[in-house]
$ cat entry.txt   # compact mmCIF, C-alpha atoms (C1' of nucleotides)
# COMPACT_ATOMS: atom_id res chain seq x y z
CA MET A 1 -15.93 32.74 -38.18
CA PRO A 2 -16.78 36.10 -36.74
CA GLU A 3 -14.06 37.17 -34.31
CA LEU A 4 -13.70 40.57 -32.67
CA PRO A 5 -13.26 42.68 -35.86
CA GLU A 6 -16.16 40.96 -37.61
CA VAL A 7 -18.52 41.30 -34.64
CA GLU A 8 -17.48 44.93 -34.27
CA THR A 9 -18.25 45.53 -37.96
CA ILE A 10 -21.65 43.84 -37.65
CA ILE A 11 -22.44 46.04 -34.66
CA HIS A 12 -21.46 49.17 -36.61
CA SER A 13 -23.59 48.19 -39.57
CA LEU A 14 -26.63 47.16 -37.50
CA ARG A 15 -26.71 49.81 -34.79
CA PRO A 16 -28.10 52.68 -36.88
CA LYS A 17 -30.64 50.35 -38.47
CA VAL A 18 -32.11 48.73 -35.38
CA LEU A 19 -31.53 51.18 -32.54
CA GLY A 20 -34.89 52.51 -31.33
CA ARG A 21 -36.81 49.98 -33.40
CA THR A 22 -39.57 47.96 -31.80
CA ILE A 23 -39.70 44.22 -32.43
CA GLU A 24 -43.31 43.54 -33.33
CA ARG A 25 -43.03 39.77 -33.39
CA VAL A 26 -40.53 36.95 -33.78
CA ASP A 27 -40.57 33.77 -35.85
CA VAL A 28 -38.37 31.03 -34.44
CA LEU A 29 -37.87 28.51 -37.23
CA LEU A 30 -35.22 26.40 -35.49
CA ASP A 31 -35.87 26.04 -31.78
CA LYS A 32 -32.41 24.90 -30.71
CA VAL A 33 -30.89 28.27 -31.61
CA ILE A 34 -32.71 29.66 -28.59
CA ARG A 35 -31.03 28.39 -25.45
CA GLU A 36 -32.90 30.43 -22.88
CA PRO A 37 -35.80 30.77 -22.30
CA GLU A 38 -37.77 28.16 -24.26
CA ALA A 39 -38.33 29.29 -27.87
CA GLU A 40 -42.01 30.06 -27.39
CA GLN A 41 -41.34 32.14 -24.29
CA PHE A 42 -38.45 33.86 -26.05
CA ALA A 43 -40.69 35.05 -28.86
CA LYS A 44 -43.41 36.11 -26.44
CA HIS A 45 -41.12 38.06 -24.10
CA ILE A 46 -39.35 39.94 -26.86
CA SER A 47 -42.41 40.92 -28.88
CA GLY A 48 -43.53 44.52 -28.47
CA ARG A 49 -40.22 45.58 -26.93
CA THR A 50 -37.78 48.21 -28.24
CA ILE A 51 -34.05 47.88 -28.90
CA THR A 52 -32.25 50.49 -26.79
CA GLY A 53 -28.63 49.44 -27.22
CA VAL A 54 -26.34 47.36 -29.42
CA GLU A 55 -23.02 46.37 -27.88
CA ARG A 56 -20.19 43.87 -28.17
CA ARG A 57 -18.42 41.81 -25.56
CA GLY A 58 -15.66 39.72 -27.13
CA LYS A 59 -17.44 37.78 -29.86
CA HIS A 60 -20.89 38.20 -28.30
CA LEU A 61 -23.47 40.71 -29.52
CA LEU A 62 -25.61 42.26 -26.79
CA PHE A 63 -28.95 43.91 -27.62
CA ASN A 64 -30.46 45.91 -24.78
CA ILE A 65 -34.23 45.63 -24.89
CA THR A 66 -36.89 47.59 -22.98
CA GLY A 67 -38.19 45.78 -19.93
CA SER A 68 -34.60 45.44 -18.66
CA LEU A 69 -33.85 42.53 -20.95
CA VAL A 70 -30.72 41.64 -22.87
CA LEU A 71 -30.58 39.53 -26.01
CA ILE A 72 -27.21 37.78 -26.23
CA VAL A 73 -26.22 36.49 -29.67
CA HIS A 74 -23.18 34.37 -30.47
CA LEU A 75 -22.59 33.68 -34.17
CA ARG A 76 -19.93 30.98 -33.66
CA MET A 77 -18.60 30.06 -37.12
CA THR A 78 -21.19 30.71 -39.80
CA GLY A 79 -23.88 32.75 -38.05
CA ARG A 80 -25.09 35.99 -39.62
CA LEU A 81 -27.38 38.77 -38.48
CA LEU A 82 -28.91 40.47 -41.48
CA TYR A 83 -31.06 43.58 -41.72
CA VAL A 84 -33.19 42.96 -44.79
CA ALA A 85 -36.42 43.80 -46.60
CA PRO A 86 -39.14 41.25 -45.88
CA ASP A 87 -39.55 40.33 -49.55
CA LEU A 88 -36.03 38.91 -49.70
CA PRO A 89 -36.62 35.16 -49.98
CA ARG A 90 -35.70 33.13 -46.91
CA ASP A 91 -33.53 30.09 -47.38
CA LYS A 92 -33.23 26.98 -45.25
CA TYR A 93 -30.53 28.57 -43.10
CA THR A 94 -32.78 31.37 -41.86
CA HIS A 95 -33.56 30.28 -38.31
CA VAL A 96 -34.95 33.33 -36.50
CA VAL A 97 -36.77 36.38 -37.91
CA PHE A 98 -37.37 39.57 -35.91
CA HIS A 99 -40.11 41.70 -37.50
CA LEU A 100 -39.35 45.37 -36.90
CA ASP A 101 -41.82 48.24 -36.70
CA ASN A 102 -40.48 49.88 -39.88
CA GLY A 103 -41.41 46.84 -41.95
CA LYS A 104 -37.84 45.54 -42.14
CA GLU A 105 -36.58 42.26 -40.71
CA LEU A 106 -33.56 41.31 -38.66
CA ARG A 107 -32.73 37.72 -39.55
CA PHE A 108 -30.48 35.19 -37.91
CA HIS A 109 -28.97 32.95 -40.58
CA ASP A 110 -26.62 30.05 -39.85
CA MET A 111 -25.54 27.29 -42.19
CA ARG A 112 -24.08 25.16 -39.44
CA GLN A 113 -26.56 25.73 -36.64
CA PHE A 114 -23.87 26.47 -34.06
CA GLY A 115 -24.91 30.01 -33.24
CA THR A 116 -27.00 30.69 -30.15
CA MET A 117 -29.31 33.26 -28.57
CA ASP A 118 -30.25 33.91 -24.97
CA LEU A 119 -32.78 36.37 -23.60
CA ILE A 120 -32.14 37.23 -19.97
CA PRO A 121 -32.97 39.97 -17.47
CA ALA A 122 -30.27 42.66 -17.52
CA ASP A 123 -29.45 42.12 -13.85
CA ARG A 124 -28.33 38.57 -14.63
CA LEU A 125 -25.86 39.72 -17.27
CA LYS A 126 -22.77 39.89 -15.11
CA ASN A 127 -23.38 36.44 -13.69
CA PHE A 128 -24.45 34.85 -16.96
CA HIS A 129 -22.53 31.65 -17.68
CA SER A 130 -21.38 32.60 -21.21
CA LEU A 131 -20.03 35.96 -20.10
CA ASN A 132 -18.93 35.80 -16.50
CA LYS A 133 -15.75 33.87 -17.18
CA LEU A 134 -14.58 36.02 -20.09
CA GLY A 135 -11.31 37.89 -19.76
CA PRO A 136 -10.94 41.54 -20.78
CA ASP A 137 -11.82 42.48 -24.33
CA ALA A 138 -8.72 42.44 -26.55
CA LEU A 139 -9.29 46.12 -27.43
CA ASP A 140 -10.35 47.28 -23.97
CA PRO A 141 -8.61 50.64 -23.36
CA SER A 142 -7.80 49.58 -19.80
CA LEU A 143 -5.92 46.55 -21.14
CA THR A 144 -2.60 48.36 -21.33
CA ARG A 145 0.71 46.83 -22.26
CA ASP A 146 1.69 46.59 -18.61
CA VAL A 147 -1.58 44.92 -17.62
CA PHE A 148 -1.15 42.49 -20.52
CA LYS A 149 2.37 41.63 -19.42
CA LYS A 150 1.23 41.05 -15.84
CA MET A 151 -1.59 38.77 -17.01
CA LEU A 152 0.87 36.62 -18.94
CA LYS A 153 3.34 36.43 -16.10
CA GLY A 154 3.33 32.94 -14.67
CA ARG A 155 1.06 31.55 -17.40
CA THR A 156 2.22 28.18 -18.64
CA GLY A 157 1.37 26.56 -21.97
CA GLN A 158 1.69 27.54 -25.60
CA ILE A 159 1.20 31.20 -26.41
CA LYS A 160 -1.26 30.57 -29.25
CA LYS A 161 -3.51 28.52 -26.99
CA ILE A 162 -3.48 31.32 -24.44
CA LEU A 163 -4.47 33.92 -27.06
CA LEU A 164 -7.40 31.71 -28.03
CA ASP A 165 -8.49 31.23 -24.42
CA GLN A 166 -11.50 33.52 -24.02
CA THR A 167 -11.12 33.46 -20.24
CA PHE A 168 -7.70 35.06 -20.68
CA ILE A 169 -8.61 37.71 -23.26
CA THR A 170 -11.80 37.72 -25.29
CA GLY A 171 -12.25 38.40 -29.00
CA ILE A 172 -9.38 36.56 -30.67
CA GLY A 173 -10.06 33.46 -32.80
CA ASN A 174 -7.82 31.30 -34.95
CA ILE A 175 -7.38 33.70 -37.87
CA TYR A 176 -6.25 36.66 -35.77
CA ALA A 177 -4.17 34.55 -33.39
CA ASN A 178 -2.15 33.39 -36.40
CA GLU A 179 -1.81 36.92 -37.79
CA ILE A 180 -0.93 38.48 -34.44
CA LEU A 181 1.83 35.94 -33.77
CA TRP A 182 3.28 36.49 -37.24
CA LYS A 183 3.35 40.25 -36.75
CA ALA A 184 4.95 39.78 -33.32
CA ARG A 185 7.45 37.33 -34.86
CA ILE A 186 6.66 34.71 -32.25
CA HIS A 187 6.35 30.99 -33.00
CA PRO A 188 2.82 29.77 -32.13
CA GLU A 189 4.13 26.82 -30.12
CA ARG A 190 6.42 28.92 -27.95
CA SER A 191 5.82 28.46 -24.26
CA ALA A 192 4.46 31.62 -22.63
CA THR A 193 7.10 31.34 -19.93
CA SER A 194 9.85 31.61 -22.55
CA LEU A 195 8.70 35.02 -23.79
CA THR A 196 10.97 37.92 -22.94
CA PRO A 197 9.62 41.36 -21.94
CA ARG A 198 10.56 42.45 -25.46
CA ASP A 199 8.51 39.58 -26.96
CA LEU A 200 5.55 40.50 -24.77
CA GLY A 201 5.75 44.13 -25.85
CA ARG A 202 5.74 43.12 -29.51
CA LEU A 203 2.88 40.70 -28.90
CA TYR A 204 0.74 43.37 -27.25
CA HIS A 205 1.44 45.87 -30.00
CA ALA A 206 0.71 43.26 -32.71
CA MET A 207 -2.57 42.30 -31.06
CA ARG A 208 -3.88 45.86 -30.98
CA GLU A 209 -2.54 46.68 -34.45
CA VAL A 210 -3.89 43.60 -36.23
CA LEU A 211 -7.36 43.87 -34.66
CA LYS A 212 -7.66 47.60 -35.37
CA THR A 213 -6.48 47.21 -38.96
CA ALA A 214 -8.95 44.36 -39.46
CA ILE A 215 -11.78 46.57 -38.19
CA ASP A 216 -10.65 49.32 -40.61
CA HIS A 217 -11.04 46.74 -43.38
CA ARG A 218 -14.46 45.62 -42.12
CA GLY A 219 -13.27 42.17 -41.12
CA THR A 220 -12.03 39.06 -42.92
CA THR A 221 -14.22 37.20 -45.40
CA ILE A 222 -12.73 33.82 -46.24
CA ARG A 223 -16.00 32.11 -46.93
CA ASP A 224 -19.05 32.93 -44.88
CA TYR A 225 -18.67 36.19 -43.05
CA VAL A 226 -20.72 39.23 -44.04
CA ASP A 227 -21.81 42.25 -41.98
CA GLY A 228 -25.37 43.25 -41.05
CA GLU A 229 -26.04 44.50 -44.57
CA GLY A 230 -24.56 41.47 -46.31
CA ASN A 231 -21.25 43.11 -47.23
CA PRO A 232 -18.01 41.11 -47.06
CA GLY A 233 -14.85 42.45 -45.44
CA SER A 234 -11.49 42.90 -47.15
CA PHE A 235 -8.87 42.04 -44.52
CA GLN A 236 -8.41 38.62 -46.19
CA GLU A 237 -6.34 40.49 -48.79
CA LEU A 238 -3.90 41.48 -46.06
CA LEU A 239 -3.52 38.08 -44.38
CA ALA A 240 0.15 37.26 -44.03
CA VAL A 241 -0.03 33.64 -42.92
CA HIS A 242 -3.55 32.40 -42.21
CA GLY A 243 -4.69 29.96 -44.92
CA ARG A 244 -1.45 30.57 -46.85
CA GLU A 245 0.34 27.25 -46.43
CA ASN A 246 3.20 26.85 -48.96
CA GLN A 247 2.87 30.48 -50.06
CA PRO A 248 5.68 32.98 -49.47
CA CYS A 249 5.96 34.98 -46.27
CA PRO A 250 5.32 38.66 -47.17
CA LEU A 251 8.36 39.63 -45.11
CA CYS A 252 11.07 37.13 -46.00
CA GLY A 253 9.69 35.05 -48.88
CA ASN A 254 10.13 31.70 -47.16
CA PHE A 255 7.20 29.31 -47.33
CA ILE A 256 4.43 29.43 -44.75
CA VAL A 257 4.02 26.23 -42.74
CA ARG A 258 0.88 24.75 -41.23
CA VAL A 259 0.83 22.57 -38.14
CA LYS A 260 -2.25 21.03 -36.55
CA ASN A 261 -2.53 21.90 -32.93
CA GLY A 262 -5.47 20.83 -30.83
CA GLY A 263 -7.72 20.49 -33.88
CA ARG A 264 -6.81 23.93 -35.20
CA SER A 265 -4.35 24.91 -37.88
CA ALA A 266 -1.49 27.16 -36.84
CA TYR A 267 0.03 28.96 -39.82
CA PHE A 268 3.41 30.61 -39.41
CA CYS A 269 6.66 31.56 -41.08
CA PRO A 270 9.39 29.26 -39.73
CA SER A 271 12.08 31.77 -40.50
CA CYS A 272 10.43 34.94 -39.10
CA GLN A 273 8.76 33.35 -36.09
CA LYS A 274 11.08 31.88 -33.50
C1' DC B 1 -8.15 20.83 -11.06
C1' DA B 2 -5.93 21.53 -15.25
C1' DG B 3 -5.43 19.96 -19.62
C1' DG B 4 -7.04 17.32 -23.57
C1' DT B 5 -10.70 16.19 -26.81
C1' DA B 6 -15.33 14.55 -28.76
C1' DG B 7 -19.28 16.51 -30.35
C1' DC B 8 -22.10 19.80 -32.36
C1' DC B 9 -23.10 20.97 -37.94
C1' DT B 10 -22.89 21.12 -43.22
C1' DG B 11 -20.71 22.79 -47.45
C1' DT B 12 -16.42 22.56 -49.83
C1' DT B 13 -12.32 20.52 -51.28
C1' DA B 14 -8.48 17.23 -51.42
C1' DG B 15 -7.34 12.73 -52.40
C1' DC B 16 -7.97 8.13 -54.10
C1' DT C 1 -15.80 10.61 -62.62
C1' DG C 2 -17.55 9.60 -58.25
C1' DC C 3 -16.98 8.57 -53.85
C1' DT C 4 -15.10 9.31 -49.10
C1' DA C 5 -12.46 11.66 -45.71
C1' DA C 6 -10.68 15.72 -44.05
C1' DC C 7 -11.39 20.32 -43.03
C1' DA C 8 -13.30 24.69 -41.43
C1' DG C 9 -13.93 26.52 -36.44
C1' DG C 10 -15.92 28.39 -31.09
C1' DC C 11 -17.42 26.59 -27.33
C1' DT C 12 -19.38 23.14 -23.96
C1' DA C 13 -19.35 18.85 -21.76
C1' DC C 14 -17.01 15.26 -20.43
C1' DC C 15 -12.91 12.59 -19.68
C1' DT C 16 -8.43 11.53 -17.60
$ encode --input "entry.txt" --output "structure tokens"
Amino acid sequence: MPELPEVETIIHSLRPKVLGRTIERVDVLLDKVIREPEAEQFAKHISGRTITGVERRGKHLLFNITGSLVLIVHLRMTGRLLYVAPDLPRDKYTHVVFHLDNGKELRFHDMRQFGTMDLIPADRLKNFHSLNKLGPDALDPSLTRDVFKKMLKGRTGQIKKILLDQTFITGIGNIYANEILWKARIHPERSATSLTPRDLGRLYHAMREVLKTAIDHRGTTIRDYVDGEGNPGSFQELLAVHGRENQPCPLCGNFIVRVKNGGRSAYFCPSCQK
DNA sequence: CAGGTAGCCTGTTAGC
DNA sequence: TGCTAACAGGCTACCT
């Protein structure tokens, strides 16, 4: 479940490996991964081109390619991008292989086949359907505490749902939403309208702090996540509430509770989070 | 039009 | 022990 810290870590691990590399050819082993253009065209257009940039927007990875093209990758839950030697055996979850000009391969691997790729002209990027509705990146320097407070002003609905809404702010998924709300000491089902300026200040601070600390720990590996070199993260050791139902709250020792909310589990401490 | 949810997937685990 | 159901989870499409 790569969220902002995991995608950031993947970018860090891949950038020095693939930047400036030319993609000699591409094997698409599972067509439906490629949304646009058609798989055959995708492989044809990308072959012979050079990677000139590796960036992140929310949970999306953006590879700038010569010819004014952009490769947009979304890993969804179990997707991986792996920089590997070609003799490493492929398994049945390897769906796309980029052959690089140094003999190495960049592989897209996805157990659950949810991840996607698009190859589009760079001038379509800002209007592209997956990106044009995204809110500001959760770590965007211009997303200050005051801007954050203004954005939440007048928003109705539960605060956790809003944090997960990528059109509000992009990059936060279920794990970090749970952790951020714990750190801010806010109950996940609290209505956004009920939050005081003090609450909002704590929420903003918790959001930045949790995401930055998770990046420092190279992301959270609960089951599937690894970076571009196959290394797991370690932030799972610091999780306060996520996945810790019936375990003690690190702050007060009371038991963590789980409630299902819109198909997702909210984990929280009923005594710390009001 | 906003809000809710089924569907996409498959490996793992909880429960009977 | 062996089976089934629930769960994990982001996002789109579709529904009310």
$ closest_atom_pairs --input "entry.txt" --of "chain B" --to "chain A" --cutoff "8 Å" --atoms "all atoms listed in the file" --output "Markdown table"
| residue | atom | partner | partner_atom | distance |
| --- | --- | --- | --- | --- |
| B:DC8 | C1' | A:Phe114 | CA | 7.1 |
| B:DC9 | C1' | A:Arg112 | CA | 4.6 |
| B:DT10 | C1' | A:Arg112 | CA | 5.7 |
$ residues_around --input "entry.txt" --residues "DG9 (chain C)" --least-positions-apart "2" --cutoff "9 Å" --atoms "only C-alpha atoms (C1' of nucleotides)" --output "compact mmCIF listing (two decimals) with C-alpha atoms, in the frame of the given file"
# COMPACT_ATOMS: atom_id res chain seq x y z
CA MET A 1 -15.93 32.74 -38.18
CA ARG A 76 -19.93 30.98 -33.66
CA MET A 77 -18.60 30.06 -37.12
CA GLY A 173 -10.06 33.46 -32.80
CA ASN A 174 -7.82 31.30 -34.95
CA ARG A 264 -6.81 23.93 -35.20
$ axis_aligned_box --input "entry.txt" --around "region 1-11 of chain B" --padding-each-side "4 Å" --output "lines of an AutoDock Vina configuration file"
center_x = -14.3
center_y = 18.7
center_z = -29.3
size_x = 25.7
size_y = 16.2
size_z = 44.4
$ interface_residues --input "entry.txt" --of "chain C" --to "chain A" --cutoff "9 Å" --atoms "all atoms listed in the file" --output "list in words"
DA8, DG9, DG10 and DC11 of chain C
$ write_last_selection --input "entry.txt" --atoms "C-alpha atoms (C1' of nucleotides)" --output "PDB file, keeping the file's coordinate frame"
ATOM      1  C1'  DA C   8     -13.300  24.690 -41.430  1.00  0.00           C
ATOM      2  C1'  DG C   9     -13.930  26.520 -36.440  1.00  0.00           C
ATOM      3  C1'  DG C  10     -15.920  28.390 -31.090  1.00  0.00           C
ATOM      4  C1'  DC C  11     -17.420  26.590 -27.330  1.00  0.00           C
TER       5       DC C  11
END
$ residues_near_point --input "entry.txt" --point "(-2.3, 18.3, -14.9)" --cutoff "12 Å" --atoms "all atoms listed in the file" --output "list in words"
Thr156 and Gly157 of chain A; DC1, DA2, DG3 and DG4 of chain B; DT16 of chain C
$ residues_around --input "entry.txt" --residues "DA6 (chain C)" --least-positions-apart "5" --cutoff "10 Å" --atoms "only C-alpha atoms (C1' of nucleotides)" --output "NGL selection string"
:B and (13-15)
$ residues_around --input "entry.txt" --residues "DC16 (chain B)" --least-positions-apart "4" --cutoff "12 Å" --atoms "only C-alpha atoms (C1' of nucleotides)" --output "PyMOL selection string"
chain C and resi 1-5
$ atom_distance --input "entry.txt" --atom1 "CA of Arg49 (chain A)" --atom2 "CA of Thr94 (chain A)"
21.9 Å
$ residues_around --input "entry.txt" --residues "Ser271 (chain A)" --least-positions-apart "2" --cutoff "8 Å" --atoms "only C-alpha atoms (C1' of nucleotides)" --output "JSON, numbers by chain"
{"A": [252, 254, 269, 273, 274]}
$ residues_around --input "entry.txt" --residues "Asp146 (chain A)" --least-positions-apart "2" --cutoff "12 Å" --atoms "all atoms listed in the file" --output "PyMOL selection string"
chain A and resi 142-144+148-153+197-198+200-201+203-205
$ closest_residue --input "entry.txt" --among "A:Thr213, A:Leu119, A:Asn261, A:Tyr267" --to "DT5 (chain B)" --atoms "only C-alpha atoms (C1' of nucleotides)"
A:Asn261
$ closest_residue --input "entry.txt" --among "A:Thr167, A:Gly233, A:Gly228, A:Lys260" --to "Asp216 (chain A)" --atoms "only C-alpha atoms"
A:Gly233
$ atom_distance --input "entry.txt" --atom1 "CA of Arg15 (chain A)" --atom2 "CA of Thr52 (chain A)"
9.8 Å
$ atom_distance --input "entry.txt" --atom1 "CA of Leu125 (chain A)" --atom2 "CA of Ile46 (chain A)"
16.6 Å
